[in-house]
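Read the structure below first, then the notes.
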Amino acid sequence: MWHIFTIIGPGAANTVLLTSISFAFGAVLAIPVTLATRSSFLLLRGVGRGLVEFVRSIPVLVWLFIVFFGLPQEGLSPSPLVAAIATLSVVSAVYLSEIYRGGIAAIDRGQWEASRALGFGRLDTGSRIVGPQVLRVVLPPVATYGIGLLKDSALASTIGVVELTYRANTETQLTGKGLTVDIIVGIIYLLIGLPLAVISRHVDSRLRAKFSLT
Amino acid sequence: MTSSVFSGWGQDLPELLRGLGVALQLTGLALVLGFPGGLLTALLVSRRNWLAKLVGLVIVEVGRGLPLLVLLYLVYQGLPQIHLSLTNFLSAVAAFAWSTAAYSSEMFRSSLNALPNGQREAALASGMGQVDTFRFVLLPQALRIAIPPLLNLAVQIFQATALAYVITVPEIMQHAYFLGTVSFLYLNVFLLAGVLYAAVTLPSSALIAVLERRLSRHTSV
């Protein structure tokens with residue numbers, strides 16, 4: 001059992017790398033997407049909403065295959081890891097933008113109105129008054145999405161990224177002990193996801209204290 | 001660019017539609033087995049008996065905690081280790097049903113919890129038994145709350161059937177990949193596959209949104 005663990009374990013490095021980079025890109029890219037879907041320009045709003053609906057209507061695996069197997073046809077040949085990061089970044093940007101949008105909608109209109117009335121500009125209102133409150137509201141669902149992304153990163157094994165699931169699969173085919181292997185890999189996924197959940201709860205309670213919102 | 005990304009769509013479509021049929025079958029079976037399974041585990045988890053609670057929790061947490069891909073491998077390649085071999089199609093049904101049960105379990109549980117306690121108390125006080133109270137008073141109200149999220153889950157499960165590709169179930173992606181290896185026009189065929197998924201997903205999601213708005217008119221909570 002320990003032997004199998006030492007063989008699969010190192011795959012965790014790529015799983016964590018893939019998840020964290022995609023998550024970071026997604027979290028930042030989601031901001032312009034959110035702003036576009038909330039824009040007062042009809043065209044921009046339409047493009048934003050269209051993008052969100054389009055990306056979400058197609059399974060992640062299909063996007064992954066379009067990027068990895070499809071793009072070389074247009075002269076672009078990303079490595080498996082780059083293809084996986086690119087795909088997961090865009091997909092998470094779209095899903096996170098929906099979470100951000102919900103977070104902004106959850107903030108009372110009065111917050112905008114009051115800060116505008118006090119003479120704050122649109123940018124300052126967004127970044128200093130509403131932004132921090134949105135941050136607190138969206139943190140739990142964003143953390144949940146992060147754990148979901150960790151699980152989605154397993155898809156990268158299908159295009160040959162040597163991460164946890166890939167290693168588990170090779171080990172299964174080598175030893176035939178699929179049950180043992182999958183239980184071990186399952187435990188590793190849970191162990192990676194656990195700190196994420198704990199940290200988010202910790203940060204959430206600290207933000208709660210800081211902004212004293214209930 | 002020598003050819004457009006649409007070329008070959010005409011020839012590829014019939015093959016992919018056959019895959020769509022299999023994907024819908026997978027989805028249907030997963031839901032038929034998974035939703036009752038989810039309700040059952042929701043009831044198990046809310047029991048005071050620790051063993052029932054533990055069994056329910058393990059089913060739910062494993063189903064939600066592992067990547068669906070690993071769940072598929074677990075059923076297809078793992079169970080043979082304890083001499084339980086399922087065909088690739090049945091393995092996919094089992095894995096997707098498990099996932100459906102795990103996720104829907106939380107939806108059933110939270111919608112049952114959302115009901116005011118007075119509903120249960122009033123039903124019991126008017127002489128209804130535990131089973132009747134659940135069947136005729138609590139469940140119908142909980143279902144009304146749970147229906148929109150359950151339907152959204154159904155759409156997600158349909159999208160997830162693409163994963164059955166890895167255990168060679170002849171669904172959309174399996175056909176698409178094969179067609180790609182023949183024509184080398186991977187981009188074209190995977191885009192067409194994407195369009196097929198979107199053709200099911202977008203109208204379904206729109207309908208669910210309408211239904212959700214109409215249902216919310218009748219809920220007092």
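Letters for chains follow the order of the structure tokens (A, B, ...), residue numbers begin at 1 for each chain, and ligand numbers begin at 1 in the order shown.
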
Using only C-alpha atoms, find the residues of chain B whose closest atom to chain A is at most 7 Å away, then write them as a PDB file with all heavy atoms, in the first residue's frame.
ATOM      1  N   MET B   1      -5.082  28.606 -43.381  1.00  0.00           N
ATOM      2  CA  MET B   1      -6.213  27.709 -43.133  1.00  0.00           C
ATOM      3  C   MET B   1      -6.728  27.197 -44.474  1.00  0.00           C
ATOM      4  O   MET B   1      -7.170  27.960 -45.317  1.00  0.00           O
ATOM      5  CB  MET B   1      -7.314  28.476 -42.392  1.00  0.00           C
ATOM      6  CG  MET B   1      -8.139  27.570 -41.550  1.00  0.00           C
ATOM      7  SD  MET B   1      -9.112  28.431 -40.290  1.00  0.00           S
ATOM      8  CE  MET B   1     -10.027  29.632 -41.254  1.00  0.00           C
ATOM      9  N   GLY B  65     -16.505  13.869  -3.074  1.00  0.00           N
ATOM     10  CA  GLY B  65     -15.116  14.229  -2.803  1.00  0.00           C
ATOM     11  C   GLY B  65     -14.148  13.781  -3.881  1.00  0.00           C
ATOM     12  O   GLY B  65     -13.126  14.421  -4.094  1.00  0.00           O
ATOM     13  N   LEU B  66     -14.460  12.680  -4.568  1.00  0.00           N
ATOM     14  CA  LEU B  66     -13.540  12.195  -5.590  1.00  0.00           C
ATOM     15  C   LEU B  66     -13.889  12.819  -6.937  1.00  0.00           C
ATOM     16  O   LEU B  66     -15.059  13.045  -7.222  1.00  0.00           O
ATOM     17  CB  LEU B  66     -13.644  10.672  -5.729  1.00  0.00           C
ATOM     18  CG  LEU B  66     -13.229   9.804  -4.565  1.00  0.00           C
ATOM     19  CD1 LEU B  66     -13.037   8.373  -5.033  1.00  0.00           C
ATOM     20  CD2 LEU B  66     -11.958  10.308  -3.933  1.00  0.00           C
ATOM     21  N   PRO B  67     -12.877  13.051  -7.771  1.00  0.00           N
ATOM     22  CA  PRO B  67     -13.188  13.462  -9.140  1.00  0.00           C
ATOM     23  C   PRO B  67     -14.026  12.370  -9.804  1.00  0.00           C
ATOM     24  O   PRO B  67     -13.793  11.187  -9.548  1.00  0.00           O
ATOM     25  CB  PRO B  67     -11.813  13.555  -9.796  1.00  0.00           C
ATOM     26  CG  PRO B  67     -10.841  13.706  -8.687  1.00  0.00           C
ATOM     27  CD  PRO B  67     -11.433  12.977  -7.530  1.00  0.00           C
ATOM     28  N   LEU B  69     -13.962  11.325 -12.657  1.00  0.00           N
ATOM     29  CA  LEU B  69     -13.091  10.478 -13.462  1.00  0.00           C
ATOM     30  C   LEU B  69     -12.547   9.324 -12.618  1.00  0.00           C
ATOM     31  O   LEU B  69     -12.523   8.166 -13.053  1.00  0.00           O
ATOM     32  CB  LEU B  69     -11.928  11.326 -13.996  1.00  0.00           C
ATOM     33  CG  LEU B  69     -11.190  10.826 -15.222  1.00  0.00           C
ATOM     34  CD1 LEU B  69     -12.134  10.620 -16.377  1.00  0.00           C
ATOM     35  CD2 LEU B  69     -10.100  11.817 -15.600  1.00  0.00           C
ATOM     36  N   VAL B  70     -12.129   9.644 -11.389  1.00  0.00           N
ATOM     37  CA  VAL B  70     -11.597   8.610 -10.487  1.00  0.00           C
ATOM     38  C   VAL B  70     -12.713   7.638 -10.093  1.00  0.00           C
ATOM     39  O   VAL B  70     -12.494   6.428 -10.003  1.00  0.00           O
ATOM     40  CB  VAL B  70     -10.957   9.254  -9.240  1.00  0.00           C
ATOM     41  CG1 VAL B  70     -10.533   8.191  -8.241  1.00  0.00           C
ATOM     42  CG2 VAL B  70      -9.761  10.102  -9.633  1.00  0.00           C
ATOM     43  N   LEU B  74     -12.684   3.797 -10.589  1.00  0.00           N
ATOM     44  CA  LEU B  74     -12.895   2.964  -9.404  1.00  0.00           C
ATOM     45  C   LEU B  74     -13.891   1.849  -9.712  1.00  0.00           C
ATOM     46  O   LEU B  74     -13.659   0.687  -9.384  1.00  0.00           O
ATOM     47  CB  LEU B  74     -13.413   3.836  -8.249  1.00  0.00           C
ATOM     48  CG  LEU B  74     -13.664   3.138  -6.912  1.00  0.00           C
ATOM     49  CD1 LEU B  74     -12.353   2.779  -6.256  1.00  0.00           C
ATOM     50  CD2 LEU B  74     -14.475   4.028  -5.988  1.00  0.00           C
ATOM     51  N   GLN B  77     -12.280  -0.219 -13.199  1.00  0.00           N
ATOM     52  CA  GLN B  77     -11.003  -0.928 -13.060  1.00  0.00           C
ATOM     53  C   GLN B  77     -10.741  -1.390 -11.634  1.00  0.00           C
ATOM     54  O   GLN B  77      -9.888  -2.227 -11.397  1.00  0.00           O
ATOM     55  CB  GLN B  77      -9.838  -0.014 -13.481  1.00  0.00           C
ATOM     56  CG  GLN B  77      -9.947   0.490 -14.894  1.00  0.00           C
ATOM     57  CD  GLN B  77      -8.819   1.452 -15.221  1.00  0.00           C
ATOM     58  OE1 GLN B  77      -8.275   2.094 -14.329  1.00  0.00           O
ATOM     59  NE2 GLN B  77      -8.465   1.541 -16.487  1.00  0.00           N
ATOM     60  N   GLY B  78     -11.454  -0.778 -10.663  1.00  0.00           N
ATOM     61  CA  GLY B  78     -11.186  -1.092  -9.269  1.00  0.00           C
ATOM     62  C   GLY B  78     -11.977  -2.284  -8.757  1.00  0.00           C
ATOM     63  O   GLY B  78     -11.437  -3.176  -8.107  1.00  0.00           O
ATOM     64  N   LEU B  79     -13.283  -2.309  -9.079  1.00  0.00           N
ATOM     65  CA  LEU B  79     -14.124  -3.381  -8.548  1.00  0.00           C
ATOM     66  C   LEU B  79     -13.695  -4.780  -9.009  1.00  0.00           C
ATOM     67  O   LEU B  79     -13.870  -5.741  -8.252  1.00  0.00           O
ATOM     68  CB  LEU B  79     -15.601  -3.123  -8.896  1.00  0.00           C
ATOM     69  CG  LEU B  79     -16.229  -1.920  -8.182  1.00  0.00           C
ATOM     70  CD1 LEU B  79     -17.719  -1.845  -8.466  1.00  0.00           C
ATOM     71  CD2 LEU B  79     -15.995  -1.993  -6.665  1.00  0.00           C
ATOM     72  N   GLN B  81     -10.987  -6.005  -8.853  1.00  0.00           N
ATOM     73  CA  GLN B  81     -10.043  -6.504  -7.841  1.00  0.00           C
ATOM     74  C   GLN B  81     -10.769  -7.328  -6.778  1.00  0.00           C
ATOM     75  O   GLN B  81     -10.186  -8.234  -6.195  1.00  0.00           O
ATOM     76  CB  GLN B  81      -9.325  -5.316  -7.187  1.00  0.00           C
ATOM     77  CG  GLN B  81      -8.053  -5.700  -6.462  1.00  0.00           C
ATOM     78  CD  GLN B  81      -7.414  -4.502  -5.763  1.00  0.00           C
ATOM     79  OE1 GLN B  81      -7.540  -3.382  -6.221  1.00  0.00           O
ATOM     80  NE2 GLN B  81      -6.735  -4.752  -4.667  1.00  0.00           N
ATOM     81  N   GLN B 159     -23.714  16.584 -19.145  1.00  0.00           N
ATOM     82  CA  GLN B 159     -22.393  17.047 -19.599  1.00  0.00           C
ATOM     83  C   GLN B 159     -21.298  16.093 -19.148  1.00  0.00           C
ATOM     84  O   GLN B 159     -20.331  15.853 -19.867  1.00  0.00           O
ATOM     85  CB  GLN B 159     -22.116  18.441 -19.048  1.00  0.00           C
ATOM     86  CG  GLN B 159     -22.988  19.513 -19.669  1.00  0.00           C
ATOM     87  CD  GLN B 159     -22.349  20.885 -19.568  1.00  0.00           C
ATOM     88  OE1 GLN B 159     -21.502  21.121 -18.724  1.00  0.00           O
ATOM     89  NE2 GLN B 159     -22.744  21.784 -20.444  1.00  0.00           N
ATOM     90  N   ALA B 160     -21.471  15.561 -17.937  1.00  0.00           N
ATOM     91  CA  ALA B 160     -20.429  14.695 -17.382  1.00  0.00           C
ATOM     92  C   ALA B 160     -20.326  13.367 -18.122  1.00  0.00           C
ATOM     93  O   ALA B 160     -19.287  12.706 -18.056  1.00  0.00           O
ATOM     94  CB  ALA B 160     -20.690  14.445 -15.903  1.00  0.00           C
ATOM     95  N   ALA B 162     -19.667  12.869 -20.927  1.00  0.00           N
ATOM     96  CA  ALA B 162     -18.516  12.933 -21.836  1.00  0.00           C
ATOM     97  C   ALA B 162     -17.342  12.149 -21.265  1.00  0.00           C
ATOM     98  O   ALA B 162     -16.523  11.600 -22.005  1.00  0.00           O
ATOM     99  CB  ALA B 162     -18.102  14.386 -22.090  1.00  0.00           C
ATOM    100  N   TYR B 186      -9.475  17.177 -36.118  1.00  0.00           N
ATOM    101  CA  TYR B 186      -9.930  17.095 -34.723  1.00  0.00           C
ATOM    102  C   TYR B 186     -10.742  18.322 -34.324  1.00  0.00           C
ATOM    103  O   TYR B 186     -11.750  18.222 -33.645  1.00  0.00           O
ATOM    104  CB  TYR B 186      -8.733  16.956 -33.774  1.00  0.00           C
ATOM    105  CG  TYR B 186      -8.089  15.611 -33.806  1.00  0.00           C
ATOM    106  CD1 TYR B 186      -6.884  15.412 -34.469  1.00  0.00           C
ATOM    107  CD2 TYR B 186      -8.672  14.534 -33.161  1.00  0.00           C
ATOM    108  CE1 TYR B 186      -6.277  14.166 -34.486  1.00  0.00           C
ATOM    109  CE2 TYR B 186      -8.079  13.285 -33.169  1.00  0.00           C
ATOM    110  CZ  TYR B 186      -6.878  13.102 -33.836  1.00  0.00           C
ATOM    111  OH  TYR B 186      -6.289  11.886 -33.848  1.00  0.00           O
ATOM    112  N   LEU B 187     -10.257  19.493 -34.743  1.00  0.00           N
ATOM    113  CA  LEU B 187     -10.934  20.728 -34.349  1.00  0.00           C
ATOM    114  C   LEU B 187     -12.390  20.698 -34.807  1.00  0.00           C
ATOM    115  O   LEU B 187     -13.309  20.964 -34.033  1.00  0.00           O
ATOM    116  CB  LEU B 187     -10.205  21.942 -34.930  1.00  0.00           C
ATOM    117  CG  LEU B 187     -10.742  23.298 -34.487  1.00  0.00           C
ATOM    118  CD1 LEU B 187     -10.654  23.464 -32.990  1.00  0.00           C
ATOM    119  CD2 LEU B 187      -9.976  24.426 -35.176  1.00  0.00           C
ATOM    120  N   PHE B 190     -14.532  17.975 -32.870  1.00  0.00           N
ATOM    121  CA  PHE B 190     -14.770  18.294 -31.456  1.00  0.00           C
ATOM    122  C   PHE B 190     -15.651  19.528 -31.303  1.00  0.00           C
ATOM    123  O   PHE B 190     -16.436  19.632 -30.360  1.00  0.00           O
ATOM    124  CB  PHE B 190     -13.450  18.461 -30.690  1.00  0.00           C
ATOM    125  CG  PHE B 190     -12.767  17.151 -30.420  1.00  0.00           C
ATOM    126  CD1 PHE B 190     -11.405  16.997 -30.634  1.00  0.00           C
ATOM    127  CD2 PHE B 190     -13.494  16.066 -29.957  1.00  0.00           C
ATOM    128  CE1 PHE B 190     -10.775  15.783 -30.390  1.00  0.00           C
ATOM    129  CE2 PHE B 190     -12.873  14.846 -29.703  1.00  0.00           C
ATOM    130  CZ  PHE B 190     -11.515  14.709 -29.927  1.00  0.00           C
ATOM    131  N   LEU B 191     -15.529  20.476 -32.255  1.00  0.00           N
ATOM    132  CA  LEU B 191     -16.437  21.629 -32.224  1.00  0.00           C
ATOM    133  C   LEU B 191     -17.878  21.172 -32.451  1.00  0.00           C
ATOM    134  O   LEU B 191     -18.798  21.614 -31.763  1.00  0.00           O
ATOM    135  CB  LEU B 191     -16.036  22.661 -33.285  1.00  0.00           C
ATOM    136  CG  LEU B 191     -14.895  23.603 -32.909  1.00  0.00           C
ATOM    137  CD1 LEU B 191     -14.569  24.526 -34.076  1.00  0.00           C
ATOM    138  CD2 LEU B 191     -15.256  24.437 -31.676  1.00  0.00           C
ATOM    139  N   GLY B 194     -19.133  19.732 -29.402  1.00  0.00           N
ATOM    140  CA  GLY B 194     -19.491  20.818 -28.488  1.00  0.00           C
ATOM    141  C   GLY B 194     -20.851  21.394 -28.815  1.00  0.00           C
ATOM    142  O   GLY B 194     -21.666  21.653 -27.923  1.00  0.00           O
ATOM    143  N   TYR B 197     -23.583  19.133 -27.510  1.00  0.00           N
ATOM    144  CA  TYR B 197     -23.797  19.302 -26.070  1.00  0.00           C
ATOM    145  C   TYR B 197     -24.569  20.592 -25.802  1.00  0.00           C
ATOM    146  O   TYR B 197     -25.524  20.605 -25.020  1.00  0.00           O
ATOM    147  CB  TYR B 197     -22.466  19.324 -25.313  1.00  0.00           C
ATOM    148  CG  TYR B 197     -21.878  17.952 -25.105  1.00  0.00           C
ATOM    149  CD1 TYR B 197     -20.786  17.522 -25.848  1.00  0.00           C
ATOM    150  CD2 TYR B 197     -22.419  17.090 -24.176  1.00  0.00           C
ATOM    151  CE1 TYR B 197     -20.245  16.262 -25.669  1.00  0.00           C
ATOM    152  CE2 TYR B 197     -21.892  15.824 -23.972  1.00  0.00           C
ATOM    153  CZ  TYR B 197     -20.802  15.415 -24.731  1.00  0.00           C
ATOM    154  OH  TYR B 197     -20.279  14.172 -24.549  1.00  0.00           O
ATOM    155  N   ALA B 198     -24.143  21.675 -26.467  1.00  0.00           N
ATOM    156  CA  ALA B 198     -24.803  22.960 -26.251  1.00  0.00           C
ATOM    157  C   ALA B 198     -26.265  22.898 -26.691  1.00  0.00           C
ATOM    158  O   ALA B 198     -27.143  23.502 -26.062  1.00  0.00           O
ATOM    159  CB  ALA B 198     -24.065  24.058 -27.011  1.00  0.00           C
ATOM    160  N   THR B 201     -27.940  21.361 -23.795  1.00  0.00           N
ATOM    161  CA  THR B 201     -27.775  22.077 -22.532  1.00  0.00           C
ATOM    162  C   THR B 201     -28.487  23.424 -22.506  1.00  0.00           C
ATOM    163  O   THR B 201     -29.191  23.749 -21.545  1.00  0.00           O
ATOM    164  CB  THR B 201     -26.275  22.308 -22.266  1.00  0.00           C
ATOM    165  OG1 THR B 201     -25.609  21.061 -22.355  1.00  0.00           O
ATOM    166  CG2 THR B 201     -26.058  22.910 -20.910  1.00  0.00           C
ATOM    167  N   LEU B 202     -28.293  24.233 -23.572  1.00  0.00           N
ATOM    168  CA  LEU B 202     -28.845  25.591 -23.550  1.00  0.00           C
ATOM    169  C   LEU B 202     -30.360  25.629 -23.428  1.00  0.00           C
ATOM    170  O   LEU B 202     -30.883  26.303 -22.542  1.00  0.00           O
ATOM    171  CB  LEU B 202     -28.359  26.378 -24.778  1.00  0.00           C
ATOM    172  CG  LEU B 202     -26.884  26.816 -24.740  1.00  0.00           C
ATOM    173  CD1 LEU B 202     -26.490  27.495 -26.043  1.00  0.00           C
ATOM    174  CD2 LEU B 202     -26.636  27.748 -23.560  1.00  0.00           C
TER     175      LEU B 202
END

If you count only C-alpha atoms, which residues fall within 9 Å of Thr27 (chain B), apart from same-chain ones fewer than 3 positions away, as an mmCIF file with N, CA, C and O atoms, in the first residue's frame?
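Saved result, around.cif, follows:
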data_model
loop_
_atom_site.group_PDB
_atom_site.id
_atom_site.type_symbol
_atom_site.label_atom_id
_atom_site.label_comp_id
_atom_site.auth_asym_id
_atom_site.auth_seq_id
_atom_site.Cartn_x
_atom_site.Cartn_y
_atom_site.Cartn_z
ATOM 1 N N VAL B 22 -26.619 7.488 -26.836
ATOM 2 C CA VAL B 22 -26.011 6.753 -25.721
ATOM 3 C C VAL B 22 -25.831 7.675 -24.515
ATOM 4 O O VAL B 22 -26.094 7.284 -23.373
ATOM 5 N N ALA B 23 -25.414 8.924 -24.792
ATOM 6 C CA ALA B 23 -25.212 9.887 -23.700
ATOM 7 C C ALA B 23 -26.527 10.134 -22.956
ATOM 8 O O ALA B 23 -26.560 10.209 -21.728
ATOM 9 N N LEU B 24 -27.646 10.230 -23.729
ATOM 10 C CA LEU B 24 -28.940 10.472 -23.092
ATOM 11 C C LEU B 24 -29.395 9.253 -22.287
ATOM 12 O O LEU B 24 -29.967 9.390 -21.203
ATOM 13 N N ALA B 30 -28.733 7.150 -15.003
ATOM 14 C CA ALA B 30 -28.062 7.714 -13.820
ATOM 15 C C ALA B 30 -29.066 8.455 -12.940
ATOM 16 O O ALA B 30 -29.021 8.360 -11.716
ATOM 17 N N LEU B 31 -29.999 9.167 -13.577
ATOM 18 C CA LEU B 31 -30.980 9.941 -12.807
ATOM 19 C C LEU B 31 -32.010 9.025 -12.146
ATOM 20 O O LEU B 31 -32.359 9.205 -10.981
ATOM 21 N N VAL B 32 -32.478 8.028 -12.920
ATOM 22 C CA VAL B 32 -33.495 7.116 -12.395
ATOM 23 C C VAL B 32 -32.977 6.380 -11.158
ATOM 24 O O VAL B 32 -33.697 6.141 -10.195
ATOM 25 N N VAL B 93 -22.892 3.833 -15.852
ATOM 26 C CA VAL B 93 -24.184 4.072 -15.199
ATOM 27 C C VAL B 93 -23.996 4.109 -13.684
ATOM 28 O O VAL B 93 -24.484 5.018 -12.998
ATOM 29 N N PHE B 96 -22.066 7.329 -12.569
ATOM 30 C CA PHE B 96 -22.865 8.555 -12.694
ATOM 31 C C PHE B 96 -24.034 8.539 -11.712
ATOM 32 O O PHE B 96 -24.417 9.582 -11.175
ATOM 33 N N ALA B 97 -24.605 7.345 -11.487
ATOM 34 C CA ALA B 97 -25.703 7.246 -10.520
ATOM 35 C C ALA B 97 -25.187 7.580 -9.120
ATOM 36 O O ALA B 97 -25.851 8.286 -8.350
ATOM 37 N N ALA B 154 -29.209 17.464 -13.281
ATOM 38 C CA ALA B 154 -29.419 16.562 -14.415
ATOM 39 C C ALA B 154 -28.649 17.046 -15.640
ATOM 40 O O ALA B 154 -28.028 16.258 -16.361
ATOM 41 N N VAL B 155 -28.673 18.378 -15.860
ATOM 42 C CA VAL B 155 -27.927 18.932 -17.004
ATOM 43 C C VAL B 155 -26.423 18.703 -16.812
ATOM 44 O O VAL B 155 -25.711 18.342 -17.749
ATOM 45 N N ILE B 157 -25.038 16.301 -15.137
ATOM 46 C CA ILE B 157 -24.741 14.880 -15.332
ATOM 47 C C ILE B 157 -24.683 14.569 -16.826
ATOM 48 O O ILE B 157 -23.817 13.831 -17.284
ATOM 49 N N PHE B 158 -25.599 15.175 -17.588
ATOM 50 C CA PHE B 158 -25.547 14.976 -19.041
ATOM 51 C C PHE B 158 -24.182 15.419 -19.582
ATOM 52 O O PHE B 158 -23.559 14.719 -20.374
ATOM 53 N N GLN B 159 -23.714 16.584 -19.145
ATOM 54 C CA GLN B 159 -22.393 17.047 -19.599
ATOM 55 C C GLN B 159 -21.298 16.093 -19.148
ATOM 56 O O GLN B 159 -20.331 15.853 -19.867
ATOM 57 N N ALA B 160 -21.471 15.561 -17.937
ATOM 58 C CA ALA B 160 -20.429 14.695 -17.382
ATOM 59 C C ALA B 160 -20.326 13.367 -18.122
ATOM 60 O O ALA B 160 -19.287 12.706 -18.056
ATOM 61 N N THR B 161 -21.383 12.976 -18.850
ATOM 62 C CA THR B 161 -21.310 11.693 -19.549
ATOM 63 C C THR B 161 -20.178 11.673 -20.566
ATOM 64 O O THR B 161 -19.754 10.614 -20.997
#

Quick one: everything within 10 Å of Leu90 (chain B), counting only C-alpha atoms, minus sequence neighbours fewer than 6 positions away in the same chain. Send it as a VMD selection string.
-> chain B and resid 26 29 75 to 76 96 169

Restricting it to N, CA and C atoms, dump the selection as an mmCIF file, in the first residue's frame.
data_model
loop_
_atom_site.group_PDB
_atom_site.id
_atom_site.type_symbol
_atom_site.label_atom_id
_atom_site.label_comp_id
_atom_site.auth_asym_id
_atom_site.auth_seq_id
_atom_site.Cartn_x
_atom_site.Cartn_y
_atom_site.Cartn_z
ATOM 1 N N LEU B 26 -27.378 7.107 -20.839
ATOM 2 C CA LEU B 26 -26.549 7.142 -19.625
ATOM 3 C C LEU B 26 -27.142 8.110 -18.611
ATOM 4 N N LEU B 29 -30.532 6.779 -17.087
ATOM 5 C CA LEU B 29 -30.340 5.708 -16.104
ATOM 6 C C LEU B 29 -29.707 6.248 -14.824
ATOM 7 N N VAL B 75 -14.991 2.206 -10.370
ATOM 8 C CA VAL B 75 -16.004 1.197 -10.668
ATOM 9 C C VAL B 75 -15.528 0.243 -11.760
ATOM 10 N N TYR B 76 -14.913 0.799 -12.800
ATOM 11 C CA TYR B 76 -14.580 -0.011 -13.975
ATOM 12 C C TYR B 76 -13.310 -0.845 -13.777
ATOM 13 N N PHE B 96 -22.066 7.329 -12.569
ATOM 14 C CA PHE B 96 -22.865 8.555 -12.694
ATOM 15 C C PHE B 96 -24.034 8.539 -11.712
ATOM 16 N N VAL B 169 -17.000 3.910 -23.543
ATOM 17 C CA VAL B 169 -18.441 3.841 -23.806
ATOM 18 C C VAL B 169 -18.691 4.642 -25.085
#

When you draw a straight line from CA of Leu33 (chain B) to CA of Val166 (chain B), how long is it in Å?
-> 21.9 Å

With a distance cut-off of 8 Å and only C-alpha atoms, select the neighbouring residues of Gly21 (chain B), excluding the residue or stretch itself and same-chain residues fewer than 4 positions from it, and output the selection as a PyMOL selection string.
-> chain B and resi 17+25+171

Output of the above residues as a PDB file, in the first residue's frame, restricted to all heavy atoms:
ATOM      1  N   LEU B  17     -24.648  11.754 -33.532  1.00  0.00           N
ATOM      2  CA  LEU B  17     -26.016  11.664 -33.016  1.00  0.00           C
ATOM      3  C   LEU B  17     -26.248  10.316 -32.346  1.00  0.00           C
ATOM      4  O   LEU B  17     -26.946  10.216 -31.336  1.00  0.00           O
ATOM      5  CB  LEU B  17     -27.031  11.885 -34.144  1.00  0.00           C
ATOM      6  CG  LEU B  17     -27.251  13.348 -34.553  1.00  0.00           C
ATOM      7  CD1 LEU B  17     -28.223  13.432 -35.720  1.00  0.00           C
ATOM      8  CD2 LEU B  17     -27.768  14.173 -33.379  1.00  0.00           C
ATOM      9  N   GLN B  25     -29.114   8.054 -22.831  1.00  0.00           N
ATOM     10  CA  GLN B  25     -29.428   6.829 -22.081  1.00  0.00           C
ATOM     11  C   GLN B  25     -28.685   6.800 -20.752  1.00  0.00           C
ATOM     12  O   GLN B  25     -29.257   6.496 -19.702  1.00  0.00           O
ATOM     13  CB  GLN B  25     -28.996   5.601 -22.877  1.00  0.00           C
ATOM     14  CG  GLN B  25     -29.999   5.073 -23.863  1.00  0.00           C
ATOM     15  CD  GLN B  25     -29.392   3.911 -24.642  1.00  0.00           C
ATOM     16  OE1 GLN B  25     -28.692   3.079 -24.095  1.00  0.00           O
ATOM     17  NE2 GLN B  25     -29.662   3.877 -25.930  1.00  0.00           N
ATOM     18  N   GLU B 171     -20.174   6.964 -26.405  1.00  0.00           N
ATOM     19  CA  GLU B 171     -20.972   8.190 -26.364  1.00  0.00           C
ATOM     20  C   GLU B 171     -20.342   9.214 -27.332  1.00  0.00           C
ATOM     21  O   GLU B 171     -19.516   8.853 -28.160  1.00  0.00           O
ATOM     22  CB  GLU B 171     -21.139   8.711 -24.933  1.00  0.00           C
ATOM     23  CG  GLU B 171     -19.900   8.732 -24.093  1.00  0.00           C
ATOM     24  CD  GLU B 171     -18.911   9.718 -24.638  1.00  0.00           C
ATOM     25  OE1 GLU B 171     -19.166  10.924 -24.603  1.00  0.00           O
ATOM     26  OE2 GLU B 171     -17.858   9.250 -25.136  1.00  0.00           O
TER      27      GLU B 171
END

Find the spatial neighbours of Ser111 (chain B), counting only C-alpha atoms, within a cut-off of 6 Å - ignore same-chain residues fewer than 5 positions away - and output them as a list of chain:residue names.
-> B:Ala142, B:Ile145, B:Ala146

Within 12 Å of Leu44 (chain B), counting only C-alpha atoms, which residues show up once you throw out same-chain ones fewer than 6 positions away? Write them as a PyMOL selection string, please.
-> chain B and resi 37-38+50-60+105-106+108-109

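CA of Pro149 (chain B) is found 11.9 Å from CA of Phe35 (chain B).
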
Helix (DSSP H, G or I) per DSSP on the backbone: members of region 6-163 of chain A, as a PyMOL selection string | chain A and resi 6-8+11-37+42-56+60-74+80-106+109-117+122-159
